[in-house]
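Student: Input structure: upload_11.txt, which contains compact mmCIF, C-alpha atoms.
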# COMPACT_ATOMS: atom_id res chain seq x y z
CA MET A 1 0.00 0.00 0.00
CA PRO A 2 1.87 3.15 -1.18
CA ARG A 3 0.09 5.58 1.18
CA PRO A 4 -2.81 5.46 3.66
CA GLY A 5 -6.19 4.89 2.01
CA HIS A 6 -4.85 3.64 -1.33
CA PHE A 7 -5.03 -0.08 -2.09
CA ARG A 8 -4.17 -2.42 -4.93
CA GLU A 9 -6.86 -4.31 -6.80
CA LEU A 10 -7.79 -7.63 -5.20
CA ASP A 11 -6.75 -10.70 -7.17
CA ALA A 12 -9.52 -12.07 -9.37
CA GLY A 13 -9.21 -15.64 -8.10
CA ILE A 14 -9.86 -14.78 -4.45
CA PRO A 15 -13.21 -16.08 -3.08
CA GLU A 16 -15.90 -13.43 -2.78
CA GLU A 17 -16.23 -13.98 0.99
CA ARG A 18 -12.60 -13.04 1.58
CA LYS A 19 -12.90 -10.08 -0.78
CA ALA A 20 -15.89 -8.76 1.16
CA LEU A 21 -13.98 -8.90 4.45
CA ALA A 22 -10.94 -7.23 2.89
CA GLN A 23 -13.06 -4.40 1.50
CA ALA A 24 -14.66 -3.83 4.91
CA LEU A 25 -11.25 -3.75 6.58
CA ARG A 26 -9.98 -1.32 3.97
CA GLY A 27 -12.86 0.94 4.98
CA LEU A 28 -11.62 0.79 8.57
CA MET A 29 -8.07 1.61 7.51
CA LYS A 30 -9.30 4.78 5.78
CA VAL A 31 -10.78 5.84 9.12
CA VAL A 32 -7.55 4.96 10.94
CA GLY A 33 -5.56 7.08 8.47
CA LEU A 34 -2.19 5.50 9.24
CA SER A 35 0.32 3.59 7.15
CA LEU A 36 0.62 -0.16 7.74
CA ARG A 37 3.85 0.37 9.69
CA GLN A 38 2.25 3.04 11.86
CA THR A 39 -0.84 0.87 12.34
CA HIS A 40 1.35 -2.00 13.52
CA GLU A 41 3.18 0.30 15.94
CA GLU A 42 -0.11 1.54 17.40
CA LEU A 43 -1.56 -1.98 17.69
CA ASN A 44 1.68 -3.17 19.27
CA ARG A 45 1.43 -0.36 21.82
CA ARG A 46 -2.06 -1.62 22.63
CA GLY A 47 -0.79 -5.16 23.15
CA HIS A 48 -1.73 -6.55 19.74
CA GLY A 49 1.71 -6.84 18.17
CA CYS A 50 1.39 -10.50 17.24
CA ASP A 51 -0.04 -11.03 13.73
CA THR A 52 -0.20 -7.28 13.06
CA SER A 53 3.13 -6.67 11.34
CA ALA A 54 3.00 -4.50 8.22
CA SER A 55 3.29 -7.60 6.01
CA ALA A 56 0.58 -9.46 7.96
CA LEU A 57 -1.74 -6.46 7.72
CA SER A 58 -1.04 -6.24 3.99
CA ASP A 59 -1.99 -9.90 3.59
CA LEU A 60 -5.18 -9.30 5.54
CA LEU A 61 -6.18 -6.23 3.52
CA ASN A 62 -5.44 -8.05 0.26
CA ALA A 63 -7.53 -11.11 1.25
CA ARG A 64 -4.54 -13.44 1.28
CA ILE A 65 -5.25 -14.86 4.76
CA HIS A 66 -7.55 -17.88 4.65
CA ARG A 67 -8.65 -17.86 8.29
CA PRO A 68 -8.42 -14.31 9.67
CA LYS A 69 -8.07 -14.14 13.44
CA GLY A 70 -10.92 -12.55 15.35
CA GLN A 71 -8.65 -10.73 17.78
CA VAL A 72 -6.82 -8.98 14.93
CA ILE A 73 -10.11 -7.89 13.36
CA ARG A 74 -11.38 -6.57 16.70
CA ALA A 75 -8.10 -4.75 17.35
CA LEU A 76 -8.35 -2.97 13.99
CA TYR A 77 -11.98 -2.10 14.71
CA ASP A 78 -11.09 -0.65 18.13
CA LEU A 79 -8.30 1.42 16.57
CA ALA A 80 -10.66 2.77 13.89
CA GLU A 81 -13.33 3.51 16.49
CA THR A 82 -10.88 5.59 18.52
CA ALA A 83 -9.87 7.54 15.41
CA ALA A 84 -13.53 8.02 14.43
CA ARG A 85 -14.39 9.54 17.81
CA THR A 86 -11.51 11.96 17.50
CA SER A 87 -12.27 13.03 13.93
CA GLY A 88 -16.06 12.75 14.04
CA THR A 89 -15.98 10.28 11.15
CA ALA A 90 -18.77 7.70 10.84
CA MET A 91 -17.73 4.08 11.17
CA PRO A 92 -18.24 2.26 7.84
CA VAL A 93 -19.12 -1.08 9.43
CA THR A 94 -20.19 -2.46 12.81
CA LEU A 95 -18.21 -4.99 14.82
CA GLU A 96 -21.06 -7.49 14.41
CA GLU A 97 -20.98 -7.09 10.63
CA LEU A 98 -17.21 -7.56 10.64
CA GLU A 99 -17.48 -10.75 12.68
CA ASP A 100 -20.10 -12.10 10.29
CA LEU A 101 -17.82 -11.34 7.34
CA ARG A 102 -14.88 -12.98 9.13
CA LEU A 103 -16.83 -16.16 9.77
CA LYS A 104 -17.98 -16.35 6.17
CA ALA A 105 -14.43 -15.76 4.94
CA SER A 106 -13.18 -18.60 7.17
CA GLU A 107 -15.72 -21.17 5.96
CA PRO A 108 -14.71 -23.79 3.39
CA PRO A 109 -15.73 -22.62 -0.09
CA ALA A 110 -19.03 -23.93 -1.38
CA LEU A 111 -19.03 -26.40 -4.24
CA LEU A 112 -21.72 -26.30 -6.90
CA CYS A 113 -23.23 -29.35 -8.55
CA PRO A 114 -22.11 -29.18 -12.22
CA SER A 115 -25.59 -30.19 -13.38
CA CYS A 116 -27.96 -28.01 -11.35
CA GLN A 117 -25.50 -25.40 -9.96
CA GLN A 118 -26.93 -25.88 -6.45
CA THR A 119 -24.62 -25.94 -3.45
CA VAL A 120 -23.68 -29.49 -2.51
CA LEU A 121 -21.53 -28.65 0.52
CA PRO A 122 -22.04 -28.49 3.37
CA VAL A 123 -24.68 -31.21 3.69
CA LEU A 124 -26.97 -31.25 6.70
CA PRO A 125 -26.65 -34.45 8.76
CA GLY A 126 -30.24 -35.46 8.14
CA GLN A 127 -29.83 -35.02 4.39
CA GLY A 128 -26.44 -36.66 4.29
CA ASP A 129 -27.71 -40.22 4.75
CA ARG A 130 -30.24 -39.83 1.95
CA GLN A 131 -27.86 -38.09 -0.42
CA HIS A 132 -24.84 -40.30 0.16
CA GLY A 133 -26.32 -43.58 1.27
CA ASN A 134 -25.96 -45.03 -2.21
CA GLY A 135 -22.25 -44.25 -2.37
CA GLN A 136 -22.59 -41.14 -4.54
CA TRP A 137 -20.96 -37.79 -3.74
CA PRO A 138 -22.15 -35.02 -6.09
CA ALA A 139 -19.29 -32.71 -5.10
CA ALA A 140 -16.67 -34.96 -6.69
CA LEU A 141 -17.12 -33.54 -10.19
CA ALA A 142 -17.04 -29.98 -8.88
CA LEU A 143 -13.89 -30.83 -6.93
CA LEU A 144 -12.11 -31.72 -10.17
CA ASP A 145 -12.87 -28.25 -11.52
CA MET A 146 -12.04 -26.62 -8.21
CA LYS A 147 -8.49 -28.05 -8.34
CA GLN A 148 -7.94 -26.00 -11.48
CA THR A 149 -9.56 -22.76 -10.38
CA ARG A 150 -9.04 -22.47 -6.61
CA SER A 151 -6.03 -22.59 -4.32
CA ALA A 152 -4.77 -25.77 -2.65
CA GLU A 153 -5.83 -24.31 0.70
CA ASP A 154 -9.42 -23.92 -0.52
CA VAL A 155 -9.52 -27.51 -1.76
CA ALA A 156 -8.08 -28.69 1.56
CA GLY A 157 -10.76 -26.68 3.37
CA VAL A 158 -13.51 -28.62 1.61
CA LEU A 159 -11.81 -31.96 2.27
CA ARG A 160 -11.26 -31.03 5.91
CA HIS A 161 -14.94 -30.12 6.26
CA VAL A 162 -16.02 -33.50 4.88
CA GLY A 163 -13.51 -35.49 6.91
CA MET A 164 -14.16 -33.77 10.22
CA ALA A 165 -17.82 -32.67 10.00
CA GLY A 166 -19.44 -34.97 7.42
CA GLY A 167 -21.64 -37.87 8.46
CA PRO A 168 -20.25 -41.42 8.16
CA ALA A 169 -22.12 -42.05 4.90
CA GLU A 170 -20.84 -38.80 3.38
CA VAL A 171 -17.24 -39.53 4.34
CA ALA A 172 -17.39 -43.01 2.80
CA ALA A 173 -19.11 -41.74 -0.34
CA ALA A 174 -16.66 -38.84 -0.70
CA VAL A 175 -13.62 -41.12 -0.38
CA ALA A 176 -15.08 -43.66 -2.83
CA ALA A 177 -16.02 -40.96 -5.36
CA CYS A 178 -12.60 -39.32 -5.17
CA ARG A 179 -10.82 -42.64 -5.66
CA ALA A 180 -13.07 -43.50 -8.61
CA ARG A 181 -12.07 -40.24 -10.32
CA GLY A 182 -8.36 -40.62 -9.71
CA LEU A 183 -8.28 -38.20 -6.76
CA ARG A 184 -6.47 -40.63 -4.48
CA SER A 185 -4.49 -38.01 -2.58
CA GLU A 186 -7.73 -36.12 -1.88
CA ALA A 187 -9.37 -39.34 -0.69
CA ASP A 188 -6.45 -40.02 1.63
CA LEU A 189 -6.64 -36.46 2.98
CA ILE A 190 -10.33 -36.89 3.82
CA LEU A 191 -9.47 -40.03 5.77
CA ARG A 192 -6.63 -38.30 7.63
CA TYR A 193 -8.98 -35.54 8.70
CA ALA A 194 -11.57 -38.13 9.73
CA GLN A 195 -8.97 -40.00 11.77
CA THR A 196 -7.86 -36.78 13.48
CA GLY A 197 -11.32 -35.55 14.39
CA ARG A 198 -13.10 -38.78 15.44
CA ASP A 199 -12.84 -41.51 18.04
CA GLY A 200 -12.69 -45.26 17.40
CA ARG A 201 -16.46 -45.76 17.48
CA GLN A 202 -17.06 -43.01 14.94
CA LEU A 203 -14.40 -44.43 12.65
CA ALA A 204 -16.08 -47.84 12.93
CA GLU A 205 -19.30 -46.23 11.72
CA ILE A 206 -17.45 -44.99 8.63
CA ALA A 207 -16.05 -48.49 8.09
CA TYR A 208 -19.62 -49.83 8.20
CA GLU A 209 -20.65 -47.31 5.53
CA PHE A 210 -17.86 -48.59 3.29
CA LEU A 211 -19.28 -52.08 3.73
CA ARG A 212 -22.72 -50.78 2.74
CA ILE A 213 -21.35 -49.51 -0.58
CA GLU A 214 -19.36 -52.75 -1.00
CA ASP A 215 -15.92 -51.20 -0.70
CA ASN A 216 -14.37 -53.88 1.49
CA VAL A 217 -10.80 -52.69 1.00
CA MET A 218 -11.53 -49.26 2.44
CA ALA A 219 -13.74 -50.79 5.14
CA ARG A 220 -10.80 -52.84 6.41
CA ARG A 221 -8.48 -49.85 6.24
CA VAL A 222 -10.79 -47.62 8.31
CA LEU A 223 -11.56 -50.45 10.72
CA LYS A 224 -7.82 -50.72 11.44
CA MET A 225 -7.82 -46.98 12.13
CA SER A 226 -10.69 -47.39 14.59
CA LEU A 227 -8.95 -50.21 16.43
CA ALA A 228 -5.77 -48.13 16.70
CA HIS A 229 -7.62 -45.35 18.59
Please lay out the structure from this file as structure tokens.
Tutor:
Amino acid sequence: MPRPGHFRELDAGIPEERKALAQALRGLMKVVGLSLRQTHEELNRRGHGCDTSASALSDLLNARIHRPKGQVIRALYDLAETAARTSGTAMPVTLEELEDLRLKASEPPALLCPSCQQTVLPVLPGQGDRQHGNGQWPAALALLDMKQTRSAEDVAGVLRHVGMAGGPAEVAAAVAACRARGLRSEADLILRYAQTGRDGRQLAEIAYEFLRIEDNVMARRVLKMSLAH
């Protein structure tokens, strides 16, 4: 950022949720009226030095941070609020609106079904059994396209969501669908997330779902994981 209040164009490939947060934060920085270095020095004086270096702030304002930290956002808001009271400037956004934008920017990116263009992730638990009980995972085709158009971190965010938050049937269907389309590393990543975020009983439920879709090889693999917990 060459001088306070002037920003570069956001990269075209950045998800809209992160762009929206960055634009809101840029509005705060115009109220603050300081350079990134000066902003860091002021935040450091207030006890928020960590994650507020000039380079970290630049990444935040250019939507390059995938999971922005709430304390950094709140610190910037507090700094802008102080400046607004002094100058009589209206705040461009509320803290509640900022937090909502931050949460949306931190969510895994939505995938669209290539046929109907409806969101296929995330899937509600009650819908998951019906949608994935036959071993199908509609997001698999969209994931192939996503690997070409989105960052590796965005792809990993989707896989992490499935592995750690998806129902047993969805996890099994996602792994099977990825393997069927040659996405073996993605399938393995889903399983690693599932192994990290679940206990032995929950892993056994996933193994059972593999048996339901007649994937005995993966059922044995996940059953070994469950026994190791």
Student: Would you kindly return, as number ranges by chain, each protein, DNA or RNA residue with an atom no farther than 9 Å from any atom of range 208-216 of chain A, considering all atoms listed in the file and excluding same-chain residues fewer than 4 positions away?
Tutor: A: 133-135, 168-173, 176, 203-204, 220-223
Student: One number please: CA of Leu36 in chain A to CA of Thr52 in chain A, in Å, one decimal.
Tutor: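 Value for the CA of Leu36 in chain A-CA of Thr52 in chain A distance: 8.9 Å.
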Student: One number please: CA of Ala75 in chain A to CA of Gln23 in chain A, in Å, one decimal.
Tutor: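 Straight-line distance from CA of Ala75 in chain A to CA of Gln23 in chain A works out to 16.6 Å.
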Student: Got a sec to check which residues sit within 6 Å of (-10.0, -19.1, 2.4), counting all atoms listed in the file, and write them as a list in words?
Tutor: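 Residues with an atom close enough to that point: His66, Ser106 and Asp154 of chain A.
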Student: Got a sec: who's within 6 Å of Gly200 in chain A, counting all atoms listed in the file, leaving out chain neighbours fewer than 2 positions off, as a list in words?
Tutor: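 Neighbouring residues, sequence-local ones excluded: Gln202, Leu203, Ser226 and His229 of chain A.
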Student: Name all residues at most 10 Å from Arg192 in chain A (count all atoms listed in the file; drop same-chain ones fewer than 3 positions away) and give them as a list in words.
Tutor: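 Using all atoms listed in the file, the neighbours found are Leu159, Arg160, Gly163, Met164, Glu186, Ala187, Asp188, Leu189, Gln195, Thr196, Gly197 and Met225 of chain A.
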Student: Do you have the CA of Ala56 in chain A-CA of Leu101 in chain A distance handy?
Tutor: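 We find that CA of Ala56 in chain A and CA of Leu101 in chain A lie 18.5 Å from each other.
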Student: Can you list, as a list of chain:residue names, every protein, DNA or RNA residue that comes within 8 Å of Ile14 in chain A when you count only C-alpha atoms, leaving out same-chain residues fewer than 3 positions away?
Tutor: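 Selected residues are A:Leu10, A:Asp11, A:Arg18, A:Lys19, A:Ala63, A:Arg64.
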Student: Check the smallest atom-to-atom distance from each of A:Gln148, A:Asn44, A:Asn62, A:Thr39 to Ala20 in chain A using all atoms listed in the file, then report the winner.
Tutor: A:Asn62
Student: I want to know what sits within 12 Å of range 82-86 of chain A, based on all atoms listed in the file, with residues of the same chain fewer than 4 positions away left out; could you give that as a PyMOL selection string?
Tutor: chain A and resi 27-34+39+42+75-78+90-93
Student: Using 8 Å of padding on each side, determine the axis-aligned box around all atoms of range 209-223 of chain A present in the file and give its centre and edge lengths in Å to one decimal, as lines of an AutoDock Vina configuration file.
Tutor:
center_x = -15.6
center_y = -50.6
center_z = 4.9
size_x = 30.2
size_y = 22.6
size_z = 27.7
Student: Find the residue from A:Ala24, A:Pro68, A:Ser53, A:Ser58 that sits nearest to Thr94 in chain A; use all atoms listed in the file when measuring.
Tutor: A:Ala24
Student: When distances are computed from all atoms listed in the file, which of A:Ala156, A:Gly166, A:Arg67, A:Ala80 shows the smallest separation from Leu21 in chain A?
Tutor: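 Among the listed residues, the smallest separation from Leu21 in chain A belongs to A:Arg67.
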Student: From the list A:Ser35, A:Tyr193, A:Leu61, A:Trp137, which residue is nearest Cys178 in chain A when using all atoms listed in the file?
Tutor: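 Selected residue with least distance to Cys178 in chain A: A:Trp137.
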